[in-house]
$ cat target37.cif   # mmCIF, C-alpha atoms (C1' of nucleotides)
data_final
loop_
_atom_site.label_atom_id
_atom_site.label_comp_id
_atom_site.auth_asym_id
_atom_site.auth_seq_id
_atom_site.Cartn_x
_atom_site.Cartn_y
_atom_site.Cartn_z
CA MET A 1 101.06 182.67 148.08
CA ASN A 2 103.76 184.78 146.52
CA ASN A 3 104.15 184.09 142.85
CA GLN A 4 107.47 185.92 142.69
CA ALA A 5 109.01 183.71 145.35
CA GLN A 6 107.68 180.69 143.53
CA LEU A 7 109.39 181.79 140.33
CA ASP A 8 112.58 182.41 142.30
CA ARG A 9 112.58 178.83 143.47
CA SER A 10 111.71 177.38 140.11
CA PHE A 11 114.53 179.14 138.29
CA LEU A 12 116.90 178.36 141.14
CA ALA A 13 115.92 174.72 140.90
CA LEU A 14 116.91 174.72 137.23
CA SER A 15 120.22 176.49 137.83
CA HIS A 16 122.20 173.39 138.84
CA PRO A 17 123.29 170.68 136.38
CA VAL A 18 122.53 167.85 138.77
CA ARG A 19 118.99 169.09 139.27
CA ARG A 20 118.44 169.70 135.55
CA THR A 21 119.64 166.17 134.86
CA ILE A 22 117.13 164.80 137.33
CA VAL A 23 114.36 166.81 135.70
CA GLU A 24 115.42 165.59 132.26
CA ARG A 25 115.26 161.99 133.41
CA LEU A 26 111.84 162.48 134.94
CA THR A 27 110.47 163.70 131.62
CA ARG A 28 110.85 160.10 130.49
CA GLY A 29 108.62 158.92 133.30
CA PRO A 30 108.48 158.59 137.07
CA ALA A 31 111.56 157.12 138.70
CA THR A 32 112.89 156.23 142.11
CA VAL A 33 115.52 158.38 143.79
CA GLY A 34 118.18 155.83 142.88
CA GLU A 35 117.15 155.71 139.25
CA ALA A 36 116.82 159.46 138.86
CA SER A 37 120.24 160.11 140.39
CA GLN A 38 122.15 157.17 138.97
CA GLY A 39 125.66 158.03 137.81
CA LEU A 40 125.49 161.61 139.00
CA PRO A 41 128.78 162.82 140.46
CA VAL A 42 127.43 163.48 143.94
CA SER A 43 126.90 161.60 147.17
CA LYS A 44 123.54 160.42 148.42
CA PRO A 45 123.12 163.21 150.97
CA ALA A 46 123.71 165.70 148.16
CA VAL A 47 120.98 164.06 146.11
CA THR A 48 118.61 164.33 149.04
CA LYS A 49 119.31 168.05 149.23
CA HIS A 50 118.85 168.60 145.51
CA LEU A 51 115.53 166.81 145.69
CA LYS A 52 114.46 169.08 148.53
CA VAL A 53 115.20 172.09 146.33
CA LEU A 54 113.17 170.59 143.50
CA GLU A 55 110.27 169.77 145.79
CA ASP A 56 110.29 173.17 147.50
CA ALA A 57 110.11 174.71 144.04
CA GLY A 58 107.13 172.52 143.22
CA VAL A 59 108.99 171.02 140.28
CA VAL A 60 109.02 167.47 141.59
CA ALA A 61 106.60 165.46 143.69
CA ARG A 62 107.35 162.36 145.70
CA THR A 63 105.32 159.29 146.55
CA VAL A 64 106.77 157.00 149.18
CA SER A 65 106.15 153.42 148.20
CA GLY A 66 107.63 150.94 150.57
CA ARG A 67 111.29 151.67 151.01
CA THR A 68 111.59 153.41 147.65
CA HIS A 69 110.53 156.94 146.89
CA VAL A 70 109.00 157.51 143.48
CA LEU A 71 109.58 160.91 141.89
CA ARG A 72 107.55 162.55 139.18
CA LEU A 73 107.42 165.98 137.59
CA ARG A 74 104.76 168.50 138.45
CA ARG A 75 103.72 170.65 135.55
CA ARG A 76 102.67 173.87 137.17
CA ALA A 77 106.03 175.22 138.35
CA LEU A 78 107.72 174.44 135.07
CA ARG A 79 104.82 175.89 133.12
CA ASP A 80 104.98 179.13 135.12
CA ALA A 81 108.70 179.48 134.49
CA THR A 82 108.20 178.84 130.79
CA GLN A 83 105.43 181.40 130.64
CA TRP A 84 107.55 184.09 132.28
CA LEU A 85 110.24 183.54 129.68
CA GLU A 86 107.87 183.43 126.74
CA LEU A 87 106.01 186.51 127.88
CA HIS A 88 109.16 188.57 127.92
CA ARG A 89 110.77 186.91 124.97
CA ALA A 90 107.99 188.14 122.76
CA LEU A 91 108.96 191.67 123.67
CA TRP A 92 112.70 191.47 123.40
CA GLU A 93 112.75 189.36 120.27
CA ALA A 94 110.71 191.97 118.46
CA LYS A 95 112.43 194.99 119.85
CA PHE A 96 116.11 194.29 119.93
CA GLU A 97 116.90 192.30 116.85
CA ALA A 98 117.76 195.40 114.88
CA ILE A 99 119.68 196.94 117.73
CA GLU A 100 121.84 193.87 118.22
CA GLU A 101 122.60 193.59 114.56
CA HIS A 102 123.65 197.20 114.55
CA ILE A 103 125.98 196.64 117.50
CA ALA A 104 127.40 193.46 115.96
CA LYS A 105 128.41 195.47 112.93
CA GLU A 106 130.05 198.08 115.11
CA ASP A 107 132.01 195.38 116.94
CA THR A 108 133.27 193.94 113.68
CA ALA A 109 134.37 197.33 112.43
CA MET B 1 132.45 176.58 125.87
CA ASN B 2 130.26 174.62 128.22
CA ASN B 3 126.61 174.97 127.37
CA GLN B 4 125.56 173.42 130.67
CA ALA B 5 127.44 176.04 132.68
CA GLN B 6 125.88 178.72 130.51
CA LEU B 7 122.40 177.40 131.29
CA ASP B 8 123.31 177.27 134.99
CA ARG B 9 124.13 180.95 134.94
CA SER B 10 121.09 181.95 132.92
CA PHE B 11 118.64 180.23 135.22
CA LEU B 12 120.51 181.50 138.25
CA ALA B 13 120.30 185.02 136.84
CA LEU B 14 116.52 184.68 136.66
CA SER B 15 116.18 183.25 140.17
CA HIS B 16 116.26 186.60 141.98
CA PRO B 17 113.37 189.09 141.96
CA VAL B 18 115.62 192.12 141.64
CA ARG B 19 117.33 190.66 138.60
CA ARG B 20 114.04 189.59 137.01
CA THR B 21 112.70 193.10 137.53
CA ILE B 22 115.74 194.54 135.75
CA VAL B 23 115.24 192.12 132.87
CA GLU B 24 111.55 193.02 132.67
CA ARG B 25 112.38 196.69 132.45
CA LEU B 26 114.96 196.11 129.76
CA THR B 27 112.36 194.40 127.59
CA ARG B 28 110.88 197.86 127.17
CA GLY B 29 114.16 199.16 125.80
CA PRO B 30 117.74 199.93 126.80
CA ALA B 31 118.17 201.82 130.05
CA THR B 32 120.87 203.22 132.26
CA VAL B 33 121.80 201.50 135.52
CA GLY B 34 119.89 204.13 137.44
CA GLU B 35 116.76 203.77 135.34
CA ALA B 36 116.83 199.99 135.34
CA SER B 37 117.24 199.80 139.11
CA GLN B 38 115.04 202.71 140.13
CA GLY B 39 112.89 202.00 143.18
CA LEU B 40 114.35 198.57 143.80
CA PRO B 41 114.78 197.83 147.50
CA VAL B 42 118.55 197.47 147.38
CA SER B 43 121.61 199.64 147.66
CA LYS B 44 123.78 200.68 144.73
CA PRO B 45 126.55 198.18 145.47
CA ALA B 46 123.92 195.44 145.44
CA VAL B 47 122.72 196.60 142.03
CA THR B 48 126.27 196.48 140.72
CA LYS B 49 126.55 192.87 141.87
CA HIS B 50 123.22 191.86 140.35
CA LEU B 51 124.31 193.38 137.07
CA LYS B 52 127.50 191.37 137.18
CA VAL B 53 125.44 188.19 137.55
CA LEU B 54 123.29 189.19 134.57
CA GLU B 55 126.31 190.03 132.45
CA ASP B 56 128.20 186.85 133.38
CA ALA B 57 125.12 184.91 132.32
CA GLY B 58 125.11 186.74 129.00
CA VAL B 59 121.62 188.04 129.69
CA VAL B 60 122.56 191.70 129.73
CA ALA B 61 125.15 193.76 127.87
CA ARG B 62 126.54 197.12 128.85
CA THR B 63 127.75 200.08 126.84
CA VAL B 64 129.57 202.77 128.75
CA SER B 65 128.54 206.15 127.47
CA GLY B 66 130.08 209.02 129.32
CA ARG B 67 129.41 208.61 133.00
CA THR B 68 126.28 206.54 132.44
CA HIS B 69 126.21 202.86 131.59
CA VAL B 70 123.51 201.80 129.15
CA LEU B 71 122.12 198.29 129.60
CA ARG B 72 120.34 196.19 127.03
CA LEU B 73 119.15 192.60 126.81
CA ARG B 74 121.01 189.98 124.84
CA ARG B 75 118.79 187.43 123.21
CA ARG B 76 120.93 184.33 123.08
CA ALA B 77 121.10 183.40 126.77
CA LEU B 78 117.38 183.93 127.27
CA ARG B 79 116.58 182.07 124.10
CA ASP B 80 118.68 179.09 125.22
CA ALA B 81 116.94 178.97 128.58
CA THR B 82 113.54 179.14 126.90
CA GLN B 83 114.48 176.36 124.53
CA TRP B 84 115.58 174.06 127.32
CA LEU B 85 112.23 174.52 129.01
CA GLU B 86 110.19 174.10 125.86
CA LEU B 87 112.11 171.02 124.80
CA HIS B 88 111.32 169.26 128.04
CA ARG B 89 107.88 170.70 128.46
CA ALA B 90 106.79 169.01 125.29
CA LEU B 91 107.64 165.69 126.89
CA TRP B 92 106.18 166.18 130.32
CA GLU B 93 103.02 167.88 129.14
CA ALA B 94 102.21 164.94 126.92
CA LYS B 95 103.23 162.21 129.30
CA PHE B 96 102.03 163.19 132.71
CA GLU B 97 98.71 164.86 132.27
CA ALA B 98 96.87 161.60 132.78
CA ILE B 99 99.06 160.58 135.67
CA GLU B 100 98.54 163.83 137.54
CA GLU B 101 94.81 163.68 137.02
CA HIS B 102 94.80 160.18 138.38
CA ILE B 103 96.74 161.27 141.47
CA ALA B 104 94.51 164.28 141.97
CA LYS B 105 91.53 161.95 142.11
CA GLU B 106 93.29 159.75 144.63
CA ASP B 107 94.05 162.78 146.81
CA THR B 108 90.41 163.79 146.74
CA ALA B 109 89.25 160.33 147.64
"C1'" DC C 1 115.96 136.75 162.89
"C1'" DT C 2 119.61 138.31 159.83
"C1'" DG C 3 121.43 140.81 156.15
"C1'" DA C 4 120.98 143.70 152.16
"C1'" DT C 5 118.91 147.75 150.09
"C1'" DT C 6 116.93 152.47 149.81
"C1'" DG C 7 117.07 156.78 151.21
"C1'" DT C 8 117.25 160.31 154.96
"C1'" DT C 9 119.25 162.68 158.86
"C1'" DC C 10 123.20 164.37 161.43
"C1'" DA C 11 127.32 167.00 162.06
"C1'" DC C 12 130.39 169.27 159.78
"C1'" DC C 13 133.02 172.14 156.28
"C1'" DT C 14 133.96 175.67 152.55
"C1'" DA C 15 132.72 178.89 149.02
"C1'" DG C 16 129.78 182.15 147.38
"C1'" DA C 17 125.38 184.95 147.34
"C1'" DG C 18 123.52 188.97 148.87
"C1'" DG C 19 123.54 192.75 151.71
"C1'" DT C 20 125.56 197.19 153.74
"C1'" DG C 21 128.17 202.12 154.35
"C1'" DA C 22 132.09 204.59 153.01
"C1'" DA C 23 135.27 205.90 149.72
"C1'" DC C 24 136.54 206.44 145.10
"C1'" DA C 25 136.62 207.47 139.81
"C1'" DA C 26 134.80 209.52 136.02
"C1'" DT C 27 132.09 212.64 133.81
"C1'" DA C 28 128.97 216.62 133.50
"C1'" DA C 29 127.36 221.01 134.93
"C1'" DC C 30 128.03 225.57 136.73
"C1'" DG D 1 137.96 225.14 139.64
"C1'" DT D 2 134.17 223.51 142.23
"C1'" DT D 3 130.20 220.83 142.82
"C1'" DA D 4 126.79 217.34 141.53
"C1'" DT D 5 125.80 213.03 139.42
"C1'" DT D 6 126.51 208.19 138.03
"C1'" DG D 7 128.16 204.09 139.11
"C1'" DT D 8 131.97 201.07 140.85
"C1'" DT D 9 135.18 199.34 144.24
"C1'" DC D 10 136.47 198.25 148.96
"C1'" DA D 11 135.96 196.11 153.36
"C1'" DC D 12 133.03 193.87 155.83
"C1'" DC D 13 129.01 191.03 157.49
"C1'" DT D 14 125.62 187.06 157.63
"C1'" DC D 15 123.24 183.31 155.64
"C1'" DT D 16 122.71 179.61 152.56
"C1'" DA D 17 124.12 176.41 148.80
"C1'" DG D 18 126.52 172.50 148.07
"C1'" DG D 19 129.49 169.08 149.42
"C1'" DT D 20 131.15 165.13 152.49
"C1'" DG D 21 131.31 160.54 155.73
"C1'" DA D 22 128.97 158.23 159.26
"C1'" DA D 23 124.97 156.78 161.39
"C1'" DC D 24 120.23 155.83 161.24
"C1'" DA D 25 115.32 154.24 159.78
"C1'" DA D 26 112.54 151.59 157.09
"C1'" DT D 27 111.59 147.97 154.17
"C1'" DC D 28 112.43 143.77 151.69
"C1'" DA D 29 114.61 139.14 150.98
"C1'" DG D 30 116.66 134.93 152.77
#

$ encode --input "target37.cif" --output "C-alpha coordinates"
Amino acid sequence: MNNQAQLDRSFLALSHPVRRTIVERLTRGPATVGEASQGLPVSKPAVTKHLKVLEDAGVVARTVSGRTHVLRLRRRALRDATQWLELHRALWEAKFEAIEEHIAKEDTA
Amino acid sequence: MNNQAQLDRSFLALSHPVRRTIVERLTRGPATVGEASQGLPVSKPAVTKHLKVLEDAGVVARTVSGRTHVLRLRRRALRDATQWLELHRALWEAKFEAIEEHIAKEDTA
DNA sequence: CTGATTGTTCACCTAGAGGTGAACAATAAC
DNA sequence: GTTATTGTTCACCTCTAGGTGAACAATCAG
(Lines of atoms letter the chains of each structure in order from A and count residues from 1; the text may use other names and numbers.)
(Lines give C-alpha, C1' and ligand atoms only; values in the text may rest on other atoms or scores of the structure.)
Protein backbone atom coordinates (compact mmCIF):
# COMPACT_ATOMS: atom_id res chain seq x y z
CA MET A 1 0.00 0.00 0.00
CA ASN A 2 1.25 3.42 -0.94
CA ASN A 3 1.95 5.55 2.07
CA GLN A 4 2.16 8.72 -0.01
CA ALA A 5 -1.32 8.24 -1.41
CA GLN A 6 -2.57 7.58 2.09
CA LEU A 7 -1.11 10.86 3.30
CA ASP A 8 -2.66 12.61 0.29
CA ARG A 9 -6.08 11.39 1.33
CA SER A 10 -5.62 12.18 4.98
CA PHE A 11 -4.61 15.78 4.38
CA LEU A 12 -7.32 16.15 1.76
CA ALA A 13 -9.84 14.84 4.26
CA LEU A 14 -8.82 17.59 6.69
CA SER A 15 -8.94 20.34 4.07
CA HIS A 16 -12.69 20.95 4.24
CA PRO A 17 -14.44 22.70 7.16
CA VAL A 18 -17.39 20.34 7.15
CA ARG A 19 -15.11 17.32 7.40
CA ARG A 20 -12.95 18.91 10.10
CA THR A 21 -16.09 19.69 12.08
CA ILE A 22 -17.15 16.06 11.86
CA VAL A 23 -13.73 14.94 13.03
CA GLU A 24 -13.83 17.42 15.92
CA ARG A 25 -17.19 16.08 17.03
CA LEU A 26 -15.99 12.50 16.86
CA THR A 27 -13.13 13.30 19.23
CA ARG A 28 -15.82 13.60 21.88
CA GLY A 29 -16.98 10.08 21.20
CA PRO A 30 -18.66 7.93 18.57
CA ALA A 31 -21.76 9.41 16.99
CA THR A 32 -24.36 8.60 14.39
CA VAL A 33 -24.31 10.27 10.99
CA GLY A 34 -27.15 12.54 12.08
CA GLU A 35 -25.42 13.57 15.28
CA ALA A 36 -22.04 14.11 13.68
CA SER A 37 -23.48 16.28 10.92
CA GLN A 38 -26.15 18.13 12.87
CA GLY A 39 -26.41 21.81 12.00
CA LEU A 40 -23.84 21.65 9.23
CA PRO A 41 -24.75 23.84 6.27
CA VAL A 42 -25.01 21.01 3.77
CA SER A 43 -27.59 18.56 2.52
CA LYS A 44 -27.68 14.90 3.44
CA PRO A 45 -26.20 13.68 0.16
CA ALA A 46 -23.29 16.06 0.74
CA VAL A 47 -22.74 14.57 4.18
CA THR A 48 -22.69 11.10 2.68
CA LYS A 49 -19.97 12.21 0.28
CA HIS A 50 -17.88 13.86 2.97
CA LEU A 51 -18.08 10.69 5.02
CA LYS A 52 -16.87 8.69 2.04
CA VAL A 53 -13.83 10.97 1.82
CA LEU A 54 -13.15 10.50 5.52
CA GLU A 55 -13.53 6.74 5.29
CA ASP A 56 -11.39 6.43 2.15
CA ALA A 57 -8.70 8.35 4.02
CA GLY A 58 -8.98 5.92 6.91
CA VAL A 59 -9.83 8.75 9.27
CA VAL A 60 -13.29 7.50 10.17
CA ALA A 61 -14.79 4.05 10.54
CA ARG A 62 -18.43 3.11 10.41
CA THR A 63 -20.47 0.46 12.15
CA VAL A 64 -23.97 -0.09 10.86
CA SER A 65 -26.30 -0.69 13.75
CA GLY A 66 -29.88 -1.10 12.74
CA ARG A 67 -30.94 1.85 10.67
CA THR A 68 -28.32 4.14 12.18
CA HIS A 69 -24.66 4.24 11.25
CA VAL A 70 -22.25 4.84 14.10
CA LEU A 71 -19.06 6.72 13.25
CA ARG A 72 -15.83 6.72 15.18
CA LEU A 73 -12.32 8.00 14.59
CA ARG A 74 -9.49 5.75 13.57
CA ARG A 75 -6.16 6.76 15.00
CA ARG A 76 -3.70 5.57 12.42
CA ALA A 77 -4.41 7.99 9.56
CA LEU A 78 -4.47 10.99 11.85
CA ARG A 79 -1.34 9.82 13.62
CA ASP A 80 0.50 9.45 10.31
CA ALA A 81 -0.48 12.95 9.23
CA THR A 82 0.63 14.36 12.56
CA GLN A 83 3.94 12.55 12.32
CA TRP A 84 4.66 13.91 8.86
CA LEU A 85 4.12 17.43 10.13
CA GLU A 86 6.13 16.96 13.29
CA LEU A 87 9.00 15.33 11.46
CA HIS A 88 9.40 18.28 9.16
CA ARG A 89 8.52 20.90 11.71
CA ALA A 90 11.52 19.93 13.74
CA LEU A 91 13.69 20.86 10.80
CA TRP A 92 12.11 24.09 9.74
CA GLU A 93 11.56 25.41 13.23
CA ALA A 94 15.24 25.09 13.95
CA LYS A 95 16.51 26.31 10.64
CA PHE A 96 14.40 29.23 9.61
CA GLU A 97 13.62 31.16 12.72
CA ALA A 98 16.60 33.43 12.24
CA ILE A 99 15.98 33.81 8.54
CA GLU A 100 12.37 34.84 9.03
CA GLU A 101 13.25 37.34 11.68
CA HIS A 102 15.82 38.83 9.36
CA ILE A 103 13.26 39.15 6.57
CA ALA A 104 10.65 40.60 8.92
CA LYS A 105 13.08 43.36 9.78
CA GLU A 106 13.72 44.04 6.11
CA ASP A 107 9.97 44.27 5.46
CA THR A 108 9.53 46.78 8.24
CA ALA A 109 12.38 48.92 6.97
CA MET B 1 -9.22 36.83 8.61
CA ASN B 2 -10.85 33.44 8.69
CA ASN B 3 -8.75 30.89 10.48
CA GLN B 4 -10.87 28.03 9.19
CA ALA B 5 -10.25 28.99 5.57
CA GLN B 6 -6.56 29.27 6.35
CA LEU B 7 -6.54 25.73 7.75
CA ASP B 8 -8.45 24.54 4.68
CA ARG B 9 -5.73 25.87 2.44
CA SER B 10 -2.88 24.55 4.55
CA PHE B 11 -4.19 21.01 4.63
CA LEU B 12 -5.08 21.20 0.95
CA ALA B 13 -1.54 22.35 0.21
CA LEU B 14 -0.21 19.22 1.91
CA SER B 15 -2.61 16.87 0.14
CA HIS B 16 -0.58 16.55 -3.06
CA PRO B 17 2.67 14.56 -3.32
CA VAL B 18 4.38 17.12 -5.54
CA ARG B 19 3.65 19.89 -3.06
CA ARG B 20 4.73 17.79 -0.08
CA THR B 21 7.97 16.99 -1.86
CA ILE B 22 8.61 20.69 -2.40
CA VAL B 23 7.93 21.38 1.27
CA GLU B 24 10.26 18.55 2.29
CA ARG B 25 13.04 19.97 0.18
CA LEU B 26 12.56 23.44 1.59
CA THR B 27 13.04 22.11 5.10
CA ARG B 28 16.67 21.67 4.11
CA GLY B 29 16.94 25.34 3.25
CA PRO B 30 15.73 27.94 0.76
CA ALA B 31 15.86 26.92 -2.88
CA THR B 32 15.05 28.26 -6.30
CA VAL B 33 12.00 27.05 -8.19
CA GLY B 34 14.20 24.88 -10.36
CA GLU B 35 15.99 23.31 -7.43
CA ALA B 36 12.83 22.73 -5.42
CA SER B 37 11.05 21.07 -8.33
CA GLN B 38 13.95 19.18 -9.86
CA GLY B 39 13.06 15.68 -11.00
CA LEU B 40 9.40 16.01 -10.17
CA PRO B 41 7.17 14.31 -12.74
CA VAL B 42 5.38 17.46 -13.84
CA SER B 43 5.82 20.24 -16.35
CA LYS B 44 6.93 23.75 -15.48
CA PRO B 45 3.45 25.27 -15.71
CA ALA B 46 2.27 22.63 -13.25
CA VAL B 47 5.04 23.59 -10.84
CA THR B 48 4.00 27.23 -11.09
CA LYS B 49 0.46 26.26 -10.12
CA HIS B 50 1.56 24.10 -7.21
CA LEU B 51 3.65 26.98 -5.93
CA LYS B 52 0.65 29.26 -6.10
CA VAL B 53 -1.28 26.81 -3.92
CA LEU B 54 1.57 26.73 -1.41
CA GLU B 55 1.86 30.51 -1.36
CA ASP B 56 -1.89 31.07 -1.05
CA ALA B 57 -1.84 28.72 1.93
CA GLY B 58 0.96 30.75 3.47
CA VAL B 59 3.20 27.69 3.54
CA VAL B 60 5.83 29.07 1.19
CA ALA B 61 7.19 32.55 0.55
CA ARG B 62 9.03 33.76 -2.52
CA THR B 63 11.76 36.32 -3.02
CA VAL B 64 12.50 37.29 -6.59
CA SER B 65 16.21 37.67 -7.05
CA GLY B 66 17.24 38.46 -10.56
CA ARG B 67 15.74 35.92 -12.89
CA THR B 68 15.52 33.24 -10.21
CA HIS B 69 12.85 33.01 -7.56
CA VAL B 70 14.01 31.85 -4.15
CA LEU B 71 11.50 29.87 -2.09
CA ARG B 72 11.49 29.37 1.64
CA LEU B 73 9.09 27.90 4.18
CA ARG B 74 6.93 30.04 6.39
CA ARG B 75 6.35 28.61 9.82
CA ARG B 76 2.97 29.95 10.80
CA ALA B 77 0.71 28.01 8.44
CA LEU B 78 2.47 24.72 9.13
CA ARG B 79 2.48 25.40 12.83
CA ASP B 80 -1.28 26.07 12.82
CA ALA B 81 -1.97 22.84 10.97
CA THR B 82 0.21 20.91 13.39
CA GLN B 83 -1.55 22.47 16.34
CA TRP B 84 -4.98 21.55 15.05
CA LEU B 85 -3.89 17.93 14.75
CA GLU B 86 -2.19 17.81 18.13
CA LEU B 87 -5.10 19.45 19.88
CA HIS B 88 -7.49 16.81 18.66
CA ARG B 89 -5.07 13.95 18.82
CA ALA B 90 -4.79 14.41 22.54
CA LEU B 91 -8.50 13.74 22.80
CA TRP B 92 -8.84 10.80 20.46
CA GLU B 93 -5.69 9.06 21.60
CA ALA B 94 -6.92 9.06 25.16
CA LYS B 95 -10.51 8.20 24.45
CA PHE B 96 -10.54 5.58 21.77
CA GLU B 97 -7.64 3.32 22.43
CA ALA B 98 -9.78 0.97 24.47
CA ILE B 99 -12.63 1.11 22.02
CA GLU B 100 -10.46 0.25 19.05
CA GLU B 101 -8.87 -2.63 20.89
CA HIS B 102 -12.28 -3.92 21.74
CA ILE B 103 -13.37 -3.73 18.10
CA ALA B 104 -10.17 -5.36 16.91
CA LYS B 105 -10.93 -8.32 19.16
CA GLU B 106 -14.45 -8.53 17.78
CA ASP B 107 -13.09 -8.52 14.22
CA THR B 108 -10.75 -11.37 15.06
CA ALA B 109 -13.49 -13.38 16.67
C1' DC C 1 -49.78 -2.95 7.94
C1' DT C 2 -48.79 1.96 8.09
C1' DG C 3 -46.04 5.82 8.87
C1' DA C 4 -41.92 8.02 10.52
C1' DT C 5 -36.92 8.04 10.68
C1' DT C 6 -32.10 7.32 9.08
C1' DG C 7 -29.14 7.42 5.65
C1' DT C 8 -27.76 6.21 0.84
C1' DT C 9 -28.13 6.24 -4.13
C1' DC C 10 -29.33 8.48 -8.44
C1' DA C 11 -29.08 12.04 -11.84
C1' DC C 12 -27.57 16.18 -12.45
C1' DC C 13 -24.90 20.68 -12.31
C1' DT C 14 -20.93 24.00 -11.71
C1' DA C 15 -16.39 25.35 -10.31
C1' DG C 16 -11.85 24.29 -9.73
C1' DA C 17 -7.73 21.10 -9.59
C1' DG C 18 -4.25 19.42 -12.23
C1' DG C 19 -2.23 18.58 -16.43
C1' DT C 20 -0.18 19.95 -21.09
C1' DG C 21 2.60 22.65 -25.16
C1' DA C 22 3.57 27.03 -26.91
C1' DA C 23 4.63 31.63 -26.28
C1' DC C 24 6.36 35.20 -23.53
C1' DA C 25 9.22 38.19 -20.10
C1' DA C 26 13.13 39.00 -17.65
C1' DT C 27 17.67 38.40 -16.65
C1' DA C 28 22.35 36.62 -17.41
C1' DA C 29 26.08 35.26 -20.26
C1' DC C 30 28.88 35.64 -24.33
C1' DG D 1 23.35 42.36 -29.95
C1' DT D 2 22.54 37.56 -29.65
C1' DT D 3 21.72 33.49 -27.20
C1' DA D 4 20.72 30.73 -23.09
C1' DT D 5 18.37 30.28 -18.82
C1' DT D 6 14.63 30.79 -15.42
C1' DG D 7 10.15 30.92 -14.64
C1' DT D 8 5.42 32.69 -15.74
C1' DT D 9 1.37 33.32 -18.56
C1' DC D 10 -1.88 31.75 -22.04
C1' DA D 11 -5.16 28.66 -24.04
C1' DC D 12 -6.77 24.55 -23.63
C1' DC D 13 -8.13 19.85 -21.90
C1' DT D 14 -10.08 16.28 -18.63
C1' DC D 15 -11.44 14.71 -14.23
C1' DT D 16 -13.09 15.25 -9.71
C1' DA D 17 -14.85 17.86 -5.66
C1' DG D 18 -18.78 19.60 -3.88
C1' DG D 19 -23.34 20.80 -4.16
C1' DT D 20 -28.48 19.93 -4.98
C1' DG D 21 -33.59 17.60 -5.03
C1' DA D 22 -35.91 13.42 -5.61
C1' DA D 23 -36.31 8.71 -4.98
C1' DC D 24 -35.10 4.67 -2.62
C1' DA D 25 -33.86 1.06 1.15
C1' DA D 26 -33.87 -0.30 5.63
C1' DT D 27 -35.34 -0.18 10.14
C1' DC D 28 -38.20 1.12 13.98
C1' DA D 29 -42.64 2.55 16.20
C1' DG D 30 -47.65 2.62 16.35

$ interface_residues --input "target37.cif" --of "chain A" --to "chain D" --cutoff "8 Å" --atoms "all atoms listed in the file" --output "PyMOL selection string"
chain A and resi 43+46+66-67

$ interface_residues --input "target37.cif" --of "chain B" --to "chain C" --cutoff "12 Å" --atoms "only C-alpha atoms (C1' of nucleotides)" --output "JSON, numbers by chain"
{"B": [12, 13, 15, 16, 18, 41, 42, 43, 44, 45, 46, 47, 48, 49, 50, 53, 64, 65, 66, 67, 68, 69]}

$ interface_residues --input "target37.cif" --of "chain B" --to "chain A" --cutoff "8 Å" --atoms "all atoms listed in the file" --output "PyMOL selection string"
chain B and resi 4-5+7-12+14-17+24+27-29+73-75+78-79+82+85-86+88-89+91-93+95-96+100

$ atom_distance --input "target37.cif" --atom1 "atom CA of Asp56 of chain B" --atom2 "atom CA of Ser37 of chain A"
28.8 Å

$ atom_distance --input "target37.cif" --atom1 "atom CA of Asp80 of chain B" --atom2 "atom CA of Glu35 of chain A"
27.3 Å

$ atom_distance --input "target37.cif" --atom1 "atom CA of Ala77 of chain B" --atom2 "atom CA of Arg19 of chain A"
19.1 Å

$ closest_residue --input "target37.cif" --among "A:Arg76, A:Ala36, A:Gly58, A:Leu51" --to "Ile22 of chain A" --atoms "all atoms listed in the file"
A:Ala36
